[in-house]
>>> print(open('final03.csv').read())   # CSV, C-alpha atoms and all ligand atoms
chain,number,residue,atom,x,y,z
N,1,MET,CA,5.5,29.6,-6.4
N,2,GLU,CA,3.1,31.5,-4.0
N,3,GLU,CA,0.2,30.6,-6.3
N,4,LYS,CA,1.2,26.9,-6.3
N,5,ILE,CA,1.4,26.8,-2.6
N,6,LYS,CA,-2.0,28.4,-2.2
N,7,SER,CA,-3.6,26.2,-4.8
N,8,VAL,CA,-2.1,23.0,-3.2
N,9,ALA,CA,-3.4,24.1,0.2
N,10,GLU,CA,-6.9,24.6,-1.2
N,11,ARG,CA,-6.8,21.2,-2.9
N,12,ILE,CA,-5.8,19.6,0.4
N,13,LYS,CA,-8.5,21.4,2.3
N,14,LYS,CA,-11.1,20.1,-0.2
N,15,SER,CA,-9.9,16.5,-0.2
N,16,ASN,CA,-11.4,13.7,1.8
N,17,LYS,CA,-8.6,11.1,1.8
N,18,LEU,CA,-5.0,12.0,1.9
N,19,THR,CA,-2.0,9.7,1.2
N,20,VAL,CA,1.6,10.9,1.6
N,21,LEU,CA,4.7,9.2,0.2
N,22,THR,CA,8.1,10.3,1.5
N,23,GLY,CA,11.6,9.5,0.5
N,24,ALA,CA,15.1,10.3,1.8
N,25,GLY,CA,14.9,13.9,0.7
N,26,ILE,CA,12.6,14.8,3.6
N,27,SER,CA,15.2,13.8,6.1
N,28,LYS,CA,18.1,15.6,4.4
N,29,ALA,CA,17.6,18.8,6.4
N,30,SER,CA,17.8,16.6,9.6
N,31,GLY,CA,21.3,15.7,8.5
N,32,ILE,CA,20.7,12.2,7.1
N,33,PRO,CA,22.3,11.8,3.8
N,34,THR,CA,20.3,10.5,0.8
N,35,PHE,CA,21.6,7.5,-1.2
N,36,ARG,CA,21.8,9.5,-4.4
N,37,GLY,CA,23.8,12.7,-4.6
N,38,LYS,CA,27.2,13.9,-3.6
N,39,ASP,CA,27.2,13.2,0.1
N,40,GLY,CA,27.7,9.4,0.1
N,41,LEU,CA,26.7,7.5,3.2
N,42,TRP,CA,30.1,6.0,4.0
N,43,ASN,CA,33.4,6.8,2.5
N,44,LYS,CA,34.8,3.4,2.0
N,45,TYR,CA,31.8,1.2,1.1
N,46,SER,CA,29.0,1.6,-1.3
N,47,PRO,CA,25.6,1.1,0.3
N,48,SER,CA,24.5,-1.0,-2.6
N,49,GLU,CA,27.4,-3.4,-1.9
N,50,LEU,CA,26.6,-3.6,1.8
N,51,ALA,CA,22.8,-3.5,1.8
N,52,THR,CA,22.3,-6.9,0.4
N,53,TYR,CA,21.6,-10.3,1.9
N,54,GLN,CA,24.7,-11.7,0.1
N,55,ALA,CA,26.9,-9.1,1.8
N,56,PHE,CA,25.4,-10.0,5.1
N,57,SER,CA,25.9,-13.7,4.6
N,58,LYS,CA,29.5,-13.1,3.6
N,59,ASN,CA,30.4,-10.7,6.3
N,60,PRO,CA,27.6,-10.2,8.9
N,61,LYS,CA,30.0,-8.4,11.3
N,62,LEU,CA,30.8,-5.8,8.7
N,63,VAL,CA,27.2,-5.2,7.7
N,64,TRP,CA,26.1,-5.0,11.4
N,65,SER,CA,28.9,-2.5,12.0
N,66,TRP,CA,27.8,-0.4,9.1
N,67,TYR,CA,24.2,-0.4,10.4
N,68,ASN,CA,25.5,0.5,13.9
N,69,TYR,CA,27.3,3.4,12.4
N,70,ARG,CA,24.2,4.6,10.5
N,71,ARG,CA,22.0,4.1,13.5
N,72,LYS,CA,24.3,6.4,15.5
N,73,ILE,CA,24.0,9.2,12.9
N,74,ILE,CA,20.3,8.7,12.7
N,75,LYS,CA,19.8,8.7,16.5
N,76,SER,CA,21.4,12.0,16.9
N,77,ALA,CA,19.2,13.5,14.1
N,78,LYS,CA,15.9,15.2,14.9
N,79,PRO,CA,12.7,15.5,12.8
N,80,ASN,CA,12.6,18.7,10.8
N,81,ALA,CA,9.8,21.1,9.9
N,82,ALA,CA,8.6,18.9,7.0
N,83,HIS,CA,8.2,15.9,9.3
N,84,TYR,CA,6.2,18.0,11.8
N,85,ALA,CA,4.0,19.4,9.0
N,86,ILE,CA,3.1,15.9,7.9
N,87,TYR,CA,2.2,15.1,11.5
N,88,GLU,CA,-0.2,18.1,11.4
N,89,LEU,CA,-1.8,16.6,8.3
N,90,GLU,CA,-2.4,13.3,10.1
N,91,LYS,CA,-4.0,15.3,13.0
N,92,ILE,CA,-6.3,17.1,10.5
N,93,PHE,CA,-7.3,14.0,8.4
N,94,LYS,CA,-7.3,11.5,11.2
N,95,ASP,CA,-8.4,8.1,9.9
N,96,ASN,CA,-8.5,9.4,6.3
N,97,PHE,CA,-4.7,9.8,6.3
N,98,THR,CA,-2.0,7.3,5.4
N,99,LEU,CA,1.7,8.0,5.5
N,100,ILE,CA,3.9,5.7,3.3
N,101,THR,CA,7.6,6.2,3.8
N,102,GLN,CA,10.7,4.6,2.2
N,103,ASN,CA,12.8,5.9,5.0
N,104,ILE,CA,14.1,3.7,7.7
N,105,ASP,CA,15.0,6.5,10.1
N,106,SER,CA,12.0,6.6,12.4
N,107,LEU,CA,11.8,10.4,12.1
N,108,HIS,CA,8.2,10.4,11.2
N,109,ARG,CA,7.4,8.3,14.3
N,110,ARG,CA,9.5,10.7,16.3
N,111,ALA,CA,7.5,13.7,14.9
N,112,GLY,CA,4.3,12.1,16.1
N,113,ASN,CA,2.8,10.2,13.1
N,114,LYS,CA,1.0,7.0,14.0
N,115,ASN,CA,-0.5,5.7,10.8
N,116,ILE,CA,2.8,4.9,9.0
N,117,LEU,CA,3.6,2.2,6.5
N,118,GLU,CA,7.4,1.8,6.6
N,119,LEU,CA,8.0,0.2,3.2
N,120,HIS,CA,11.6,-0.5,3.7
N,121,GLY,CA,11.6,-1.3,7.4
N,122,ASN,CA,13.1,0.5,10.3
N,123,ILE,CA,16.7,0.7,11.2
N,124,PHE,CA,15.9,0.6,15.0
N,125,GLN,CA,14.1,-2.7,14.6
N,126,THR,CA,15.8,-6.1,14.8
N,127,LYS,CA,14.7,-9.2,13.0
N,128,CYS,CA,15.6,-12.7,14.1
N,129,LEU,CA,16.7,-15.0,11.2
N,130,ILE,CA,15.4,-18.0,13.1
N,131,CYS,CA,12.1,-17.1,14.9
N,132,ASP,CA,11.3,-14.2,12.5
N,133,LYS,CA,10.3,-11.9,15.4
N,134,VAL,CA,10.7,-8.2,14.7
N,135,TYR,CA,11.2,-5.9,17.7
N,136,PHE,CA,12.7,-2.6,19.0
N,137,ASP,CA,15.6,-3.3,21.4
N,138,ASP,CA,18.1,-0.5,22.1
N,139,LYS,CA,20.2,-2.8,24.2
N,140,ILE,CA,20.9,-5.2,21.3
N,141,TYR,CA,23.1,-2.5,19.7
N,142,GLU,CA,25.4,-2.6,22.7
N,143,GLU,CA,26.2,-6.3,22.3
N,144,GLU,CA,29.8,-7.0,21.5
N,145,GLU,CA,29.0,-10.2,19.6
N,146,LEU,CA,28.0,-9.4,16.0
N,147,PRO,CA,25.5,-10.2,14.8
N,148,PRO,CA,23.8,-10.0,18.1
N,149,ARG,CA,21.6,-13.0,19.4
N,150,CYS,CA,17.9,-12.8,19.4
N,151,ARG,CA,16.5,-12.1,22.9
N,152,PHE,CA,13.7,-14.6,22.4
N,153,CYS,CA,15.3,-17.6,20.8
N,154,GLY,CA,19.1,-16.9,20.7
N,155,GLY,CA,19.2,-17.0,16.9
N,156,LYS,CA,21.3,-14.7,14.8
N,157,THR,CA,19.6,-11.3,14.0
N,158,ARG,CA,19.7,-8.7,11.2
N,159,PRO,CA,18.5,-5.1,11.0
N,160,ASN,CA,14.8,-5.1,10.0
N,161,VAL,CA,15.4,-3.2,6.7
N,162,VAL,CA,14.7,-4.3,3.2
N,163,TRP,CA,17.9,-4.9,1.3
N,164,PHE,CA,18.5,-4.6,-2.4
N,165,GLY,CA,17.0,-7.6,-4.2
N,166,GLU,CA,14.6,-8.4,-1.3
N,167,ASN,CA,10.9,-8.4,-1.4
N,168,LEU,CA,8.9,-5.9,0.7
N,169,ASP,CA,6.6,-7.1,3.4
N,170,ARG,CA,3.5,-8.2,1.5
N,171,ASN,CA,1.0,-6.8,4.0
N,172,ILE,CA,2.7,-3.4,4.2
N,173,LEU,CA,3.0,-3.2,0.4
N,174,ASP,CA,-0.7,-4.2,-0.1
N,175,ALA,CA,-1.8,-1.5,2.4
N,176,ALA,CA,0.4,1.1,0.6
N,177,MET,CA,-1.1,0.1,-2.7
N,178,ALA,CA,-4.7,0.3,-1.3
N,179,ALA,CA,-4.0,3.7,0.3
N,180,SER,CA,-2.7,5.0,-3.1
N,181,ALA,CA,-5.7,3.6,-4.9
N,182,GLN,CA,-8.3,5.0,-2.5
N,183,CYS,CA,-7.1,8.5,-1.9
N,184,ASP,CA,-8.3,11.7,-3.6
N,185,LEU,CA,-5.0,13.5,-3.0
N,186,PHE,CA,-1.6,12.0,-3.1
N,187,LEU,CA,1.4,14.0,-1.9
N,188,CYS,CA,4.8,12.9,-2.8
N,189,VAL,CA,7.8,14.4,-0.9
N,190,GLY,CA,11.6,14.0,-1.5
N,191,THR,CA,11.8,10.8,-3.5
N,192,SER,CA,13.7,10.3,-6.7
N,193,GLY,CA,11.0,7.8,-7.8
N,194,VAL,CA,13.4,5.2,-9.1
N,195,VAL,CA,13.2,2.6,-6.3
N,196,GLN,CA,10.4,0.1,-7.1
N,197,PRO,CA,7.8,-0.8,-6.1
N,198,ALA,CA,7.5,2.6,-4.2
N,199,ALA,CA,8.0,4.4,-7.4
N,200,SER,CA,4.8,2.9,-8.8
N,201,LEU,CA,2.5,4.3,-6.0
N,202,PRO,CA,2.1,7.8,-7.5
N,203,LYS,CA,1.1,6.2,-10.8
N,204,ILE,CA,-1.5,4.1,-9.0
N,205,ALA,CA,-2.9,7.3,-7.5
N,206,ALA,CA,-2.8,9.1,-10.9
N,207,ASP,CA,-4.6,6.2,-12.6
N,208,ILE,CA,-7.6,6.5,-10.2
N,209,ARG,CA,-7.5,10.3,-10.9
N,210,ALA,CA,-6.4,11.4,-7.5
N,211,TYR,CA,-4.8,14.8,-7.5
N,212,VAL,CA,-1.0,14.1,-7.4
N,213,VAL,CA,1.3,16.7,-5.9
N,214,GLU,CA,5.1,16.5,-5.8
N,215,ILE,CA,7.5,18.4,-3.6
N,216,ASN,CA,11.2,18.0,-4.5
N,217,VAL,CA,14.2,20.1,-5.1
N,218,GLU,CA,14.4,18.8,-8.7
N,219,TYR,CA,12.2,17.0,-11.2
N,220,SER,CA,12.1,13.3,-10.6
N,221,GLY,CA,10.6,10.0,-11.8
N,222,VAL,CA,7.4,11.0,-10.1
N,223,SER,CA,7.0,14.3,-11.9
N,224,ILE,CA,5.3,12.9,-15.0
N,225,TYR,CA,2.4,11.6,-12.9
N,226,ALA,CA,2.0,14.8,-10.9
N,227,ASP,CA,-0.8,17.4,-11.4
N,228,GLU,CA,1.4,19.9,-9.6
N,229,VAL,CA,5.1,20.0,-9.0
N,230,ILE,CA,6.6,22.3,-6.4
N,231,ILE,CA,10.4,22.6,-6.8
N,232,ALA,CA,11.5,23.6,-3.3
N,233,LYS,CA,12.9,22.2,-0.1
N,234,ALA,CA,10.2,20.2,1.7
N,235,GLU,CA,11.2,21.7,5.1
N,236,GLU,CA,10.5,25.2,3.8
N,237,VAL,CA,7.4,24.7,1.7
N,238,LEU,CA,5.4,22.0,3.6
N,239,PRO,CA,5.0,24.0,6.8
N,240,ARG,CA,3.7,26.9,4.7
N,241,ILE,CA,1.2,24.7,2.9
N,242,VAL,CA,0.0,23.2,6.2
N,243,ASP,CA,-0.4,26.6,7.8
N,244,LEU,CA,-2.8,27.6,5.0
N,245,VAL,CA,-4.7,24.3,5.3
N,246,LYS,CA,-5.2,25.0,9.0
N,247,ASP,CA,-6.4,28.6,8.3
N,301,LIG,P1,16.8,9.1,-3.1
N,301,LIG,O1,18.1,9.3,-2.3
N,301,LIG,O2,16.8,8.3,-4.3
N,301,LIG,O3,16.3,10.5,-3.6
N,301,LIG,C1,16.1,11.6,-2.7
N,301,LIG,C2,15.3,12.7,-3.4
N,301,LIG,O4,15.0,13.7,-2.5
N,301,LIG,C3,15.9,13.3,-4.6
N,301,LIG,O5,14.9,13.2,-5.7
N,301,LIG,C4,16.2,14.7,-4.2
N,301,LIG,O6,16.1,15.6,-5.3
N,301,LIG,C5,15.2,15.0,-3.2
N,301,LIG,N1,15.5,16.0,-2.1
N,301,LIG,C6,16.8,16.2,-1.6
N,301,LIG,N2,16.7,17.2,-0.7
N,301,LIG,C7,15.4,17.5,-0.6
N,301,LIG,C8,14.7,18.5,0.2
N,301,LIG,N3,15.3,19.2,1.1
N,301,LIG,N4,13.3,18.6,0.0
N,301,LIG,C9,12.7,17.8,-1.0
N,301,LIG,N5,13.3,16.9,-1.7
N,301,LIG,C10,14.6,16.8,-1.6
N,301,LIG,O7,15.7,8.7,-2.0
N,301,LIG,P2,14.5,7.7,-2.2
N,301,LIG,O8,13.7,8.0,-3.4
N,301,LIG,O9,13.9,7.7,-0.8
N,301,LIG,O10,15.1,6.2,-2.4
N,301,LIG,C11,16.3,5.9,-1.7
N,301,LIG,C12,16.3,4.6,-1.0
N,301,LIG,O11,17.2,4.7,0.1
N,301,LIG,C13,15.0,4.3,-0.2
N,301,LIG,O12,14.8,2.9,-0.4
N,301,LIG,C14,15.2,4.6,1.2
N,301,LIG,O13,14.7,3.5,2.0
N,301,LIG,C15,16.7,4.5,1.4
N,301,LIG,N6,17.3,5.6,2.2
N,301,LIG,C16,16.7,6.0,3.4
N,301,LIG,C17,17.2,7.1,4.1
N,301,LIG,C18,16.5,7.5,5.4
N,301,LIG,O14,15.9,6.6,6.0
N,301,LIG,N7,16.5,8.8,5.7
N,301,LIG,C19,18.4,7.7,3.7
N,301,LIG,C20,19.0,7.3,2.5
N,301,LIG,C21,18.4,6.2,1.8
>>> encode(input="final03.csv", output="structure tokens")
Amino acid sequence: MEEKIKSVAERIKKSNKLTVLTGAGISKASGIPTFRGKDGLWNKYSPSELATYQAFSKNPKLVWSWYNYRRKIIKSAKPNAAHYAIYELEKIFKDNFTLITQNIDSLHRRAGNKNILELHGNIFQTKCLICDKVYFDDKIYEEEELPPRCRFCGGKTRPNVVWFGENLDRNILDAAMAASAQCDLFLCVGTSGVVQPAASLPKIAADIRAYVVEINVEYSGVSIYADEVIIAKAEEVLPRIVDLVKD
């Protein structure tokens, strides 16, 4: 393990363009449950039954309540050492750094990262179903009427997250694919690598012969594309790697 940590740090030091992909595993130490695994998100309902447009059309109030519940949990969470380590990497690589996340929890933003592609949206953003505007508005979650009304046009709103069966924002996906195809080091942290199209990004990087590193507590769908796999908790191993990069 020590050797792997040193070798990955050396690789990062020598690379010119770094792309990082994160998944729910990076936020686990912040107390936000992953989708897969024992600690389910909500006792009574399955996320896959609630996180769909069909569920929203059928019962918008229930779906909004579920997101209000999740938002509360996420708001009380704090970025952990792995989020801060990734912010350090952005400070080192500056414009040659892209962070792609599947997480909707805003913890990378709160850790300081600026260049972020949020593939699956952001739970703190609201999207209007009529005028299509996307915005942050903390007050909207205090509305009694569910779904809340858009503050611009009065239309019904939804959380700005990508539900099962929905397409990703084309511009964000294109930027993520470009960042994966143009980097020389691709770091993949805490993702099971089963949710598409995010799961194909490490393969894009591997295809152009970028050096692919995975950090996960277990082998995943990403592992077959990785040149180096570190089986460890992201919050423990990433700060150590970044300390060596800064040395
Ligand atoms: P996932 O739940 O499918 O997989 C999580 C992965 O993280 C697993 O491979 C697990 O082994 C690994 N992991 C767990 N603890 C870890 C740790 N401490 N360090 C490193 N790795 C660890 O997550 P996914 O691949 O991101 O896909 C799930 C989907 O659910 C995504 O679309 C995401 O948007 C959504 N989601 C987001 C959040 C969030 O925003 N925090 C939480 C749950 C689900």
>>> residues_near_ligand(input="final03.csv", ligand="ligand LIG 301 (chain N)", cutoff="6 Å", atoms="all atoms listed in the file", output="PyMOL selection string")
chain N and resi 23-29+32-36+102-105+120+189-193+195+215-218+220+233-234
>>> write_last_selection(input="final03.csv", atoms="C-alpha atoms", output="PDB file, in the coordinates of the input")
ATOM      1  CA  GLY N  23      11.600   9.500   0.500  1.00  0.00           C
ATOM      2  CA  ALA N  24      15.100  10.300   1.800  1.00  0.00           C
ATOM      3  CA  GLY N  25      14.900  13.900   0.700  1.00  0.00           C
ATOM      4  CA  ILE N  26      12.600  14.800   3.600  1.00  0.00           C
ATOM      5  CA  SER N  27      15.200  13.800   6.100  1.00  0.00           C
ATOM      6  CA  LYS N  28      18.100  15.600   4.400  1.00  0.00           C
ATOM      7  CA  ALA N  29      17.600  18.800   6.400  1.00  0.00           C
ATOM      8  CA  ILE N  32      20.700  12.200   7.100  1.00  0.00           C
ATOM      9  CA  PRO N  33      22.300  11.800   3.800  1.00  0.00           C
ATOM     10  CA  THR N  34      20.300  10.500   0.800  1.00  0.00           C
ATOM     11  CA  PHE N  35      21.600   7.500  -1.200  1.00  0.00           C
ATOM     12  CA  ARG N  36      21.800   9.500  -4.400  1.00  0.00           C
ATOM     13  CA  GLN N 102      10.700   4.600   2.200  1.00  0.00           C
ATOM     14  CA  ASN N 103      12.800   5.900   5.000  1.00  0.00           C
ATOM     15  CA  ILE N 104      14.100   3.700   7.700  1.00  0.00           C
ATOM     16  CA  ASP N 105      15.000   6.500  10.100  1.00  0.00           C
ATOM     17  CA  HIS N 120      11.600  -0.500   3.700  1.00  0.00           C
ATOM     18  CA  VAL N 189       7.800  14.400  -0.900  1.00  0.00           C
ATOM     19  CA  GLY N 190      11.600  14.000  -1.500  1.00  0.00           C
ATOM     20  CA  THR N 191      11.800  10.800  -3.500  1.00  0.00           C
ATOM     21  CA  SER N 192      13.700  10.300  -6.700  1.00  0.00           C
ATOM     22  CA  GLY N 193      11.000   7.800  -7.800  1.00  0.00           C
ATOM     23  CA  VAL N 195      13.200   2.600  -6.300  1.00  0.00           C
ATOM     24  CA  ILE N 215       7.500  18.400  -3.600  1.00  0.00           C
ATOM     25  CA  ASN N 216      11.200  18.000  -4.500  1.00  0.00           C
ATOM     26  CA  VAL N 217      14.200  20.100  -5.100  1.00  0.00           C
ATOM     27  CA  GLU N 218      14.400  18.800  -8.700  1.00  0.00           C
ATOM     28  CA  SER N 220      12.100  13.300 -10.600  1.00  0.00           C
ATOM     29  CA  LYS N 233      12.900  22.200  -0.100  1.00  0.00           C
ATOM     30  CA  ALA N 234      10.200  20.200   1.700  1.00  0.00           C
TER      31      ALA N 234
END
>>> atom_distance(input="final03.csv", atom1="atom CA of Val161 of chain N", atom2="atom CA of Ser30 of chain N")
20.2 Å
>>> closest_residue(input="final03.csv", among="N:Ala77, N:Val213, N:Glu144, N:Glu236", to="Lys4 of chain N", atoms="all atoms listed in the file")
N:Val213
>>> closest_residue(input="final03.csv", among="N:His108, N:Arg240, N:Phe164, N:Glu214", to="Gln54 of chain N", atoms="only C-alpha atoms")
N:Phe164
>>> closest_residue(input="final03.csv", among="N:Arg109, N:Glu3, N:Ile74, N:Thr157", to="Glu145 of chain N", atoms="all atoms listed in the file")
N:Thr157
>>> atom_distance(input="final03.csv", atom1="atom CA of Leu117 of chain N", atom2="atom CA of Lys94 of chain N")
15.1 Å
>>> atom_distance(input="final03.csv", atom1="atom CA of Ile208 of chain N", atom2="atom CA of Asp184 of chain N")
8.4 Å
>>> residues_around(input="final03.csv", residues="Pro79 of chain N", least_positions_apart="2", cutoff="6 Å", atoms="only C-alpha atoms", output="list in words")
His83, Leu107 and Ala111 of chain N
>>> write_last_selection(input="final03.csv", atoms="C-alpha atoms", output="compact mmCIF listing (two decimals), in the coordinates of the input")
# COMPACT_ATOMS: atom_id res chain seq x y z
CA HIS N 83 8.20 15.90 9.30
CA LEU N 107 11.80 10.40 12.10
CA ALA N 111 7.50 13.70 14.90
>>> closest_residue(input="final03.csv", among="N:Ala179, N:Pro147, N:Glu235, N:Lys72", to="Ser57 of chain N", atoms="all atoms listed in the file")
N:Pro147
>>> closest_residue(input="final03.csv", among="N:Arg158, N:Ile12, N:Asn59, N:Ile123", to="Ile73 of chain N", atoms="only C-alpha atoms")
N:Ile123
>>> closest_residue(input="final03.csv", among="N:Lys58, N:Ala175, N:Arg70, N:Ile224", to="Ala199 of chain N", atoms="all atoms listed in the file")
N:Ile224
>>> residues_around(input="final03.csv", residues="Phe186 of chain N", least_positions_apart="6", cutoff="6 Å", atoms="all atoms listed in the file", output="PyMOL selection string")
chain N and resi 19-20+212
>>> residues_around(input="final03.csv", residues="Ala206 of chain N", least_positions_apart="6", cutoff="9 Å", atoms="only C-alpha atoms", output="PyMOL selection string")
chain N and resi 180-181+186+212+225-227
>>> residues_around(input="final03.csv", residues="Lys14 of chain N", least_positions_apart="5", cutoff="10 Å", atoms="all atoms listed in the file", output="PDB file with C-alpha atoms, in the frame of the given file")
ATOM      1  CA  VAL N   8      -2.100  23.000  -3.200  1.00  0.00           C
ATOM      2  CA  ALA N   9      -3.400  24.100   0.200  1.00  0.00           C
ATOM      3  CA  ASP N 184      -8.300  11.700  -3.600  1.00  0.00           C
ATOM      4  CA  LEU N 185      -5.000  13.500  -3.000  1.00  0.00           C
ATOM      5  CA  VAL N 245      -4.700  24.300   5.300  1.00  0.00           C
TER       6      VAL N 245
END
